[in-house]
Structure formats: structure tokens, C-alpha cells
Amino acid sequence: MSMTRRAFNRAALNGTGLAATSALTGGLILPANAAERLLVVQWGANWIEVSKQITADFNKTNDTQIAWELHSGGSAAVIAKIKAVWPNTQYNVLSVWDPVFRTLIKEDWLVPIDESIVTNLATIPDQFIQKNDKGQKMTVPLSTAGAFWGYREDLLPGGFDSVEDLLRPEFKGKLCVPYPINLTGLFIVSCAIQRGGSEKNAEPGWEFIKELASKGQIGEICTSNSEYINAMATGQYSVGFWNNGGWFATAKNFPVKLKNRMPDNKGFLYNEGFCVLKGSPEKAAFEFANFFAEPKMNELYNINLGSGPTQPSAKTNPMLVDWYYKPDELAKYAYFADFAYLSSVMNEWNARWEREIVPLVRRG
Amino acid sequence: MRRPGLTAAMLWPALIIMAPLLLGPLFALAQESLKPYVGGRIGGDDAGALTLDNYALIAAPEYVRYFLDTFRVGLISSGLALALGFPMAHFIVRRARPATRRVLIGGLVGTLFLSLIVRVYAISMTFGPLGPLSGFSRLFGIRSNSPDGAELMVVLGLMNTTLPLVALTLIGTLQNINPRLEEAAMSLGAPRWKTFFLVTVAMSVPGILSAGIIAYAFCISNLVVPMLVGRGFILFVSNLIYSRFSDVANFPGGAALSIVMMVISVSLFYGLLHLVRSNWQEAGK
């Protein structure tokens, strides 16, 4: 076969043109295929550690770049940050819990979850998933978490049988409790339940807290997980009411006994997980959330957090055998608070705490 | 040769940029403080009629106590910073050898680069109930794990932060006082202590007050120190503002507190500045 110089040049030019075209369409230049970037807001302590670990696995198969920002104090604080700049928020994925999910849905800031991408949502029990008024699924629940009373067994060998016992003199200055805004007022609800009330009849709870405060039983009022973990880890305080994450971090180093099966009180259960804000690169955000919701990742996530997995096939941390309730115990010991109601009274409760409780604890 | 027209013209670009940056947010804050707030909402209700309710709520006696606490603890902390900072500055300016002076000034400047959080946690770990110097509070008859112990931690935290500022400001003041005046007093028979108080300290009063005002402004506007070591017992007005904006999304309530705090602080500082100008304007010359 012979080839003229002109034919060779033409073929070479055609080849170069084809190569250039395929390079362009192959994504070397086109921005549509450039790696997406997500800004994810997560809690500190164990949450961020395990999240980074899972993200490292995620990035083995997905080139979406993940940047992290930590919640400052309670996760509700992120709402004010978003509100200030909405709709131009830089956040894409938020790791929050039920009361904050409700607020975000109410503000219509979230994108409904695309189940064709978040395929793992199919195996998560439907009652864990928060929905909007149209019934669309808005969240990817990753953990079943809770807030409970508990104590450090090494510092308080006898423990206590009832929250009423905490009024006794030997508990003076030993209690570490959340600021009312943290855990969306569950501490006040717990005290209310102790005296026959509920979130909608919180007066008995306020009276009980006033007794605790005026007797000097409250040693510290914490505003974040890290603060609580530090306070309990130093041994400065031996009794507290906090979420499972704070207790789990303490239990890694010290013997902890959760008082979640008291006859006259309840443990609170709720869900934590991801949601996606409007204006985010949705496909990348859903892929990211879906990776965390995979049973294996869900197991890893929750084993490290001390929370219950939301994927039925994921194993629970053996340390938590007694922390959560068996189905037949739920009615007796578990309490599912009305977070929509609690969110509506948070401002009032916060002001009441400032007016009535802080002056009492201040006097010691 | 002075050219006032040129100086004024050079001021305009900064004014044009700063005025909206400073006054715009203040105006927005004032407007927000007059909006009604409905529990569970985020921010004020734009559609509602303007109201003074947010101001009425913080007029309760319990809130007056938060303001008094903020100003009282701030006054103690800045007073202690002055009491310790003046001798330190005096030693650096009058007594220290050049090498020691360099080390001390370098140390003071260096502490300004150290994160406030690091310093506050270091104090908490050292002087807190489980720290090696937990007995320190007992010198004042205070249990370290009591509410007064928390206040002591806040005072130490604020003082630790303001002390270098005060000392550095006073170094400048003392350097401007001619040492020959002190020598003249002593050569005329004044004892050293009398010279120190009647010449050095008296002539430093404007500087002391300026340093005190700077320290006080820093203390009463501080959020981090009471938040980290106040254990929920010591809350400054800044903490109340923060919780309203950040945690319960009650922007109108937070804005009303901010406006009240700003009015009190600005009045206080203008009052103090007036006091300094009217009584000690000539003292430093």
C-alpha cells in the first residue's frame, strides 16, 4: 500500500483534530465534569473524626472534594448563620438532628432527597425519616441517638435510683447539665417528667430545677459536647444529663452507668443525620449522603459515635447493649419529645433560664 | 507646612468606606430590635408592626443584674491589669537593662499572638478545681468549684488577656515622662516613694486612664472568656446576645440587648474620656 505525502498530512491533521475533540469531550476542559466541592457542617469530637475516616473511603471512588465546618455550640446555631445570607449560603450538607431538621424543613431550605441516588434510604425505617408537608423525604437519618441521665461509677459507687435523689447533700456541686438551648430543652422536659409533667406542662420541671439550683447541686452548665466530655472526663462532676455521644466519649475511658431505665423517668430518643440545602450540587451531595448511609459505613459511623445505626443490617457497638431499648421496653422507658413544640418555646425557656435559674446557681 | 485641605481630602476615602460599613449594620440592628418575635421563627417578623417589647423584656431586674455583673467583673479585671501592668511597665522603662527590656517587651508582644482560647484553657487547667494551683482561690476564701470560683477564673482569664495591652500602653506613657523630673524631686529631698506617687504616677494618669479604658472595653465586650470558664454561672451581656442570635434565632431580642449595651458602653466611655480631658489634660505635658 502506498501513501502520498498529501494523504499522510491529511490523515495526521484528522487524527490531531479527533484527539483534540475527544480530549475536550472527555472532560479535560469542560467544567461540567470538574470535581464538585461540598461544604459539610458536622459536630466536633467523635463525629468529625469518624466522618473524615468515612470520607477518605468515599474519595477512593468519588472525586467530590469535601470541606468541613464544625458546629459552634448547639447545631441550631447554624440556622442563624444560614438565615443571615440565605439563599447564598456556602453550606451544602448539614449534619443535624430532629429539631433542627424540623426548622430547616419549615423554612423550605432543604432539597427533597433523590431516592434514585440515595438508594440506601430504601432500607432505613420510614419513621426515622423527616418529611415535608407534601410527604417528600427530606433527610438521610444516620443515627438513632438519645439523651439520658447517667453517672461515673468510679466516682459515685452507689449511684442514684431516682432523679429525686440528686437533691441529697452528697450531690452538691456534682451535677453537669446542659444549657436549656442544648438538646432543645430535653433537660427541662426530663425534670418535668420526674414531677409528673411533660414538655407541654413544664412547670413541675422548672420547680425541680429551681430546687437543684438553690441547693447548689448544679456544678456546671455546659453548652457543647466537648465541654461536657471535658467536664466529665476531668472527674470534676460525676452526674449529668447529656446525649449518648457525650456519654460514649466518657465511657471510653471511665466506667459510666446510664440511668435510662428509671421507673419514674424516661430516656429521650431521636435521630441525627444529613440533609441537603437548596442551591447545592445535588448529585454530589446525594452521593456523599448515600455513601454514609450504606450499611457498612452506617455501622462504622455509629460504632464510633456510640449511637444506634439506622440501617437494620448494621451492627451496634457492643458497649451500647444496655444503652438503647428493646422493642418491648420502648413504651415503658423511651420518650419521643414533640420537637416542633419545643422549638417554638425555646426562646421563652432560654429567657426564663436566664431570669430564674442562673441567679439561683450564681448564689450557689 | 500644614495643608488642612489635603488632610481632610485624604480622610474622605476612609470615611466613604467606613460609614456604610459601620452605620449600615447599626441601622439594621436598630431596625431588627423593633420587630416582633414569634417563638420558633428565625429572626423578627417583617410583616408585624414595630414594637418596643424587646426592650421591655430586658428591662426586668434580672437583666439589670447581668449588666451590673458584666461591668463589675470587667472593672475588677481591668483594675487588676492596671495594678500589675503599671509596675511592670515602670520596671521595663526605668529599671531594666536594655537586654532585659527587649526580652520583656518581646514577651508582652508575643503573648498578644497567643490565642485567647489557649490562654483561657491554660488558666482553667492550672487554677481550676483539679489544677496544680487549685488552692489559689482559697487565698481569697473561695472554693474553686463554687460560683465565686468561676468568677475568679473569668477575672483571671480577662486579666491575662488585658495585662499585656495595659503594660505596653503604659510603657509608651512612662517613656514620655522625663526622668529628670523624678531626679529633680529627689534632689530636692523627696523620698523615692513620694517621687514615684507624686511625680511618676501623677504624670501617668492620662495614660493609666487610657490603658484602663482600653482594658475595660475589651473586658465588658468579651464573649469567649465567660463562655469557656464561667461554667454557665457567669454570663456577660455578650453571652446573652450570642445565645439569642446564635441558638434561639431571636434576632430582635439579641438586637435590643446589643443596642442597650452599646448605648451604655458608649456613654460610659465618653464620660470617662471627658473626665480624663477635663481633669488631667495638662498632666502628661
# chains A, B, ... in the order shown; residues from 1 in each chain; ligands from 1
$ residues_around --residues "region 71-77 of chain B" --least-positions-apart "4" --cutoff "7 Å" --atoms "only C-alpha atoms" --output "ChimeraX atom specification"
/B:67,81,155,158-159,216,219-220
$ write_last_selection --atoms "N, CA, C and O atoms" --output "PDB file, in the first residue's frame"
ATOM      1  N   PHE B  67     -26.132  43.123  83.416  1.00  0.00           N
ATOM      2  CA  PHE B  67     -25.351  44.311  83.027  1.00  0.00           C
ATOM      3  C   PHE B  67     -24.381  44.679  84.152  1.00  0.00           C
ATOM      4  O   PHE B  67     -23.203  44.940  83.907  1.00  0.00           O
ATOM      5  N   ALA B  81      -5.462  44.422  86.049  1.00  0.00           N
ATOM      6  CA  ALA B  81      -4.472  44.523  84.959  1.00  0.00           C
ATOM      7  C   ALA B  81      -3.676  45.815  85.074  1.00  0.00           C
ATOM      8  O   ALA B  81      -2.452  45.832  84.850  1.00  0.00           O
ATOM      9  N   VAL B 155     -12.174  36.406  85.903  1.00  0.00           N
ATOM     10  CA  VAL B 155     -11.318  37.572  86.178  1.00  0.00           C
ATOM     11  C   VAL B 155      -9.883  37.284  85.734  1.00  0.00           C
ATOM     12  O   VAL B 155      -9.246  38.106  85.054  1.00  0.00           O
ATOM     13  N   LEU B 158      -9.644  37.253  81.874  1.00  0.00           N
ATOM     14  CA  LEU B 158      -9.686  38.599  81.274  1.00  0.00           C
ATOM     15  C   LEU B 158      -8.398  39.359  81.582  1.00  0.00           C
ATOM     16  O   LEU B 158      -7.846  40.055  80.729  1.00  0.00           O
ATOM     17  N   MET B 159      -7.935  39.198  82.817  1.00  0.00           N
ATOM     18  CA  MET B 159      -6.732  39.929  83.224  1.00  0.00           C
ATOM     19  C   MET B 159      -5.509  39.458  82.427  1.00  0.00           C
ATOM     20  O   MET B 159      -4.685  40.242  81.998  1.00  0.00           O
ATOM     21  N   TYR B 216     -10.867  47.953  79.837  1.00  0.00           N
ATOM     22  CA  TYR B 216     -12.267  47.827  80.250  1.00  0.00           C
ATOM     23  C   TYR B 216     -13.157  47.509  79.040  1.00  0.00           C
ATOM     24  O   TYR B 216     -14.053  46.658  79.114  1.00  0.00           O
ATOM     25  N   CYS B 219     -12.752  43.974  78.222  1.00  0.00           N
ATOM     26  CA  CYS B 219     -13.369  43.067  79.207  1.00  0.00           C
ATOM     27  C   CYS B 219     -14.883  42.991  79.056  1.00  0.00           C
ATOM     28  O   CYS B 219     -15.457  41.909  79.005  1.00  0.00           O
ATOM     29  N   ILE B 220     -15.533  44.150  78.989  1.00  0.00           N
ATOM     30  CA  ILE B 220     -17.007  44.103  79.005  1.00  0.00           C
ATOM     31  C   ILE B 220     -17.593  43.595  77.687  1.00  0.00           C
ATOM     32  O   ILE B 220     -18.745  43.203  77.646  1.00  0.00           O
TER      33      ILE B 220
END
$ interface_residues --of "chain A" --to "chain B" --cutoff "9 Å" --atoms "only C-alpha atoms" --output "PyMOL selection string"
chain A and resi 73-81+83+103+107+173+179+181-182+216+219-223+227+234-236+340-348+350+354-356+358-359+361-364
$ closest_residue --among "B:Leu133, B:Ala122, B:Gly107, B:Lys194" --to "Leu168 (chain B)" --atoms "only C-alpha atoms"
B:Gly107
$ residues_around --residues "Thr64 (chain A)" --least-positions-apart "4" --cutoff "8 Å" --atoms "only C-alpha atoms" --output "PDB file with C-alpha atoms, in the first residue's frame"
ATOM      1  CA  ALA A  35     -14.719  17.673  40.693  1.00  0.00           C
ATOM      2  CA  GLU A  36     -17.517  19.123  42.807  1.00  0.00           C
ATOM      3  CA  ARG A  37     -16.842  20.646  46.204  1.00  0.00           C
ATOM      4  CA  LEU A  38     -19.137  20.266  49.205  1.00  0.00           C
ATOM      5  CA  ASN A  59     -12.929   9.702  47.954  1.00  0.00           C
ATOM      6  CA  ALA A 284     -22.594  15.175  44.595  1.00  0.00           C
TER       7      ALA A 284
END
$ select_by_dssp --residues "region 162-354 of chain A" --states "strand (DSSP E or B)" --output "number ranges by chain"
A: 175-178, 198, 201, 218-222, 239-243, 256-259, 267-277, 308-309, 334-335
$ write_last_selection --atoms "N, CA and C atoms" --output "compact mmCIF listing (two decimals), in the first residue's frame"
# COMPACT_ATOMS: atom_id res chain seq x y z
N LEU A 175 -23.43 17.95 89.74
CA LEU A 175 -24.21 17.80 88.51
C LEU A 175 -23.68 18.66 87.36
N CYS A 176 -23.64 18.04 86.20
CA CYS A 176 -23.26 18.75 85.00
C CYS A 176 -24.46 18.66 84.05
N VAL A 177 -25.04 19.79 83.76
CA VAL A 177 -26.29 19.75 82.97
C VAL A 177 -26.17 20.66 81.74
N PRO A 178 -27.03 20.44 80.75
CA PRO A 178 -26.94 21.29 79.55
C PRO A 178 -27.64 22.63 79.75
N SER A 198 -44.65 17.26 81.48
CA SER A 198 -44.21 16.90 80.12
C SER A 198 -43.68 18.18 79.47
N ASN A 201 -46.28 20.68 79.75
CA ASN A 201 -46.58 21.06 81.13
C ASN A 201 -45.25 21.05 81.88
N ILE A 218 -26.03 21.98 91.12
CA ILE A 218 -25.51 22.12 89.75
C ILE A 218 -24.09 22.70 89.79
N GLY A 219 -23.15 21.93 89.27
CA GLY A 219 -21.74 22.35 89.29
C GLY A 219 -21.32 23.02 88.00
N GLU A 220 -21.93 22.64 86.90
CA GLU A 220 -21.58 23.27 85.62
C GLU A 220 -22.75 23.16 84.64
N ILE A 221 -22.89 24.23 83.87
CA ILE A 221 -23.92 24.24 82.82
C ILE A 221 -23.17 24.26 81.49
N CYS A 222 -23.25 23.17 80.75
CA CYS A 222 -22.42 23.03 79.54
C CYS A 222 -23.17 23.50 78.30
N VAL A 239 -22.21 13.35 87.90
CA VAL A 239 -23.57 13.05 87.44
C VAL A 239 -23.95 14.03 86.34
N GLY A 240 -24.70 13.57 85.36
CA GLY A 240 -25.10 14.51 84.32
C GLY A 240 -26.27 14.04 83.49
N PHE A 241 -26.75 14.94 82.67
CA PHE A 241 -27.78 14.63 81.67
C PHE A 241 -27.23 15.11 80.34
N TRP A 242 -27.02 14.18 79.42
CA TRP A 242 -26.43 14.59 78.13
C TRP A 242 -26.76 13.57 77.07
N ASN A 243 -26.30 13.83 75.85
CA ASN A 243 -26.61 12.89 74.77
C ASN A 243 -25.67 11.69 74.79
N VAL A 256 -19.05 4.17 83.10
CA VAL A 256 -20.23 5.04 83.09
C VAL A 256 -21.49 4.19 83.23
N LYS A 257 -22.40 4.62 84.05
CA LYS A 257 -23.68 3.92 84.17
C LYS A 257 -24.79 4.86 83.71
N LEU A 258 -25.48 4.46 82.65
CA LEU A 258 -26.60 5.28 82.19
C LEU A 258 -27.86 4.94 82.98
N LYS A 259 -28.55 5.95 83.44
CA LYS A 259 -29.80 5.71 84.18
C LYS A 259 -30.97 5.91 83.21
N GLY A 267 -35.93 7.99 79.04
CA GLY A 267 -34.81 8.36 78.19
C GLY A 267 -35.36 8.91 76.88
N PHE A 268 -34.67 9.88 76.30
CA PHE A 268 -35.18 10.53 75.08
C PHE A 268 -34.50 9.94 73.85
N LEU A 269 -35.28 9.64 72.84
CA LEU A 269 -34.72 9.11 71.59
C LEU A 269 -35.03 10.04 70.43
N TYR A 270 -34.09 10.13 69.51
CA TYR A 270 -34.27 10.98 68.33
C TYR A 270 -33.28 10.52 67.25
N ASN A 271 -33.35 11.13 66.10
CA ASN A 271 -32.44 10.77 65.01
C ASN A 271 -31.51 11.93 64.63
N GLU A 272 -30.33 11.54 64.22
CA GLU A 272 -29.38 12.50 63.64
C GLU A 272 -29.08 12.05 62.22
N GLY A 273 -28.65 12.97 61.38
CA GLY A 273 -28.31 12.58 60.02
C GLY A 273 -28.02 13.76 59.13
N PHE A 274 -28.09 13.52 57.83
CA PHE A 274 -27.75 14.55 56.84
C PHE A 274 -29.00 15.12 56.17
N CYS A 275 -28.88 16.36 55.75
CA CYS A 275 -29.85 16.95 54.85
C CYS A 275 -29.08 17.84 53.87
N VAL A 276 -29.70 18.13 52.74
CA VAL A 276 -29.02 18.89 51.68
C VAL A 276 -29.73 20.22 51.47
N LEU A 277 -28.95 21.30 51.51
CA LEU A 277 -29.53 22.64 51.35
C LEU A 277 -29.74 22.96 49.87
N GLY A 308 -27.04 4.36 67.89
CA GLY A 308 -27.63 3.20 67.23
C GLY A 308 -27.66 3.43 65.73
N PRO A 309 -27.33 2.40 64.91
CA PRO A 309 -27.39 2.58 63.45
C PRO A 309 -28.84 2.67 62.97
N ALA A 334 -38.87 4.80 76.98
CA ALA A 334 -38.46 5.79 75.96
C ALA A 334 -39.47 6.92 75.84
N TYR A 335 -38.96 8.09 75.47
CA TYR A 335 -39.83 9.26 75.31
C TYR A 335 -39.46 9.93 74.00
$ residues_around --residues "region 16-32 of chain B" --least-positions-apart "4" --cutoff "7 Å" --atoms "only C-alpha atoms" --output "MDAnalysis selection string"
chainID B and resid 12 44 251:252 255 259
$ closest_residue --among "A:Val85, A:Leu156, A:Ala285, A:Leu300" --to "Pro255 (chain A)" --atoms "only C-alpha atoms"
A:Leu156
$ select_by_dssp --residues "region 139-283 of chain B" --states "alpha helix (DSSP H)" --output "NGL selection string"
:B and (147-175 or 179-187 or 192-195 or 202-220 or 224-229 or 237-242 or 251-280)
$ residues_around --residues "Asp161 (chain A)" --least-positions-apart "2" --cutoff "9 Å" --atoms "only C-alpha atoms" --output "list in words"
Gly159, Val163, Glu164, Asp165, Lys259, Met262 and Pro263 of chain A
$ closest_residue --among "A:Ser313, A:Gly279, A:Asn302, A:Met297" --to "Asn88 (chain A)" --atoms "only C-alpha atoms"
A:Gly279
$ residues_around --residues "Ala293 (chain A)" --least-positions-apart "3" --cutoff "7 Å" --atoms "only C-alpha atoms" --output "ChimeraX atom specification"
/A:120,142,289-290,297-298
$ atom_distance --atom1 "CA of Thr70 (chain B)" --atom2 "CA of Phe236 (chain B)"
5.0 Å
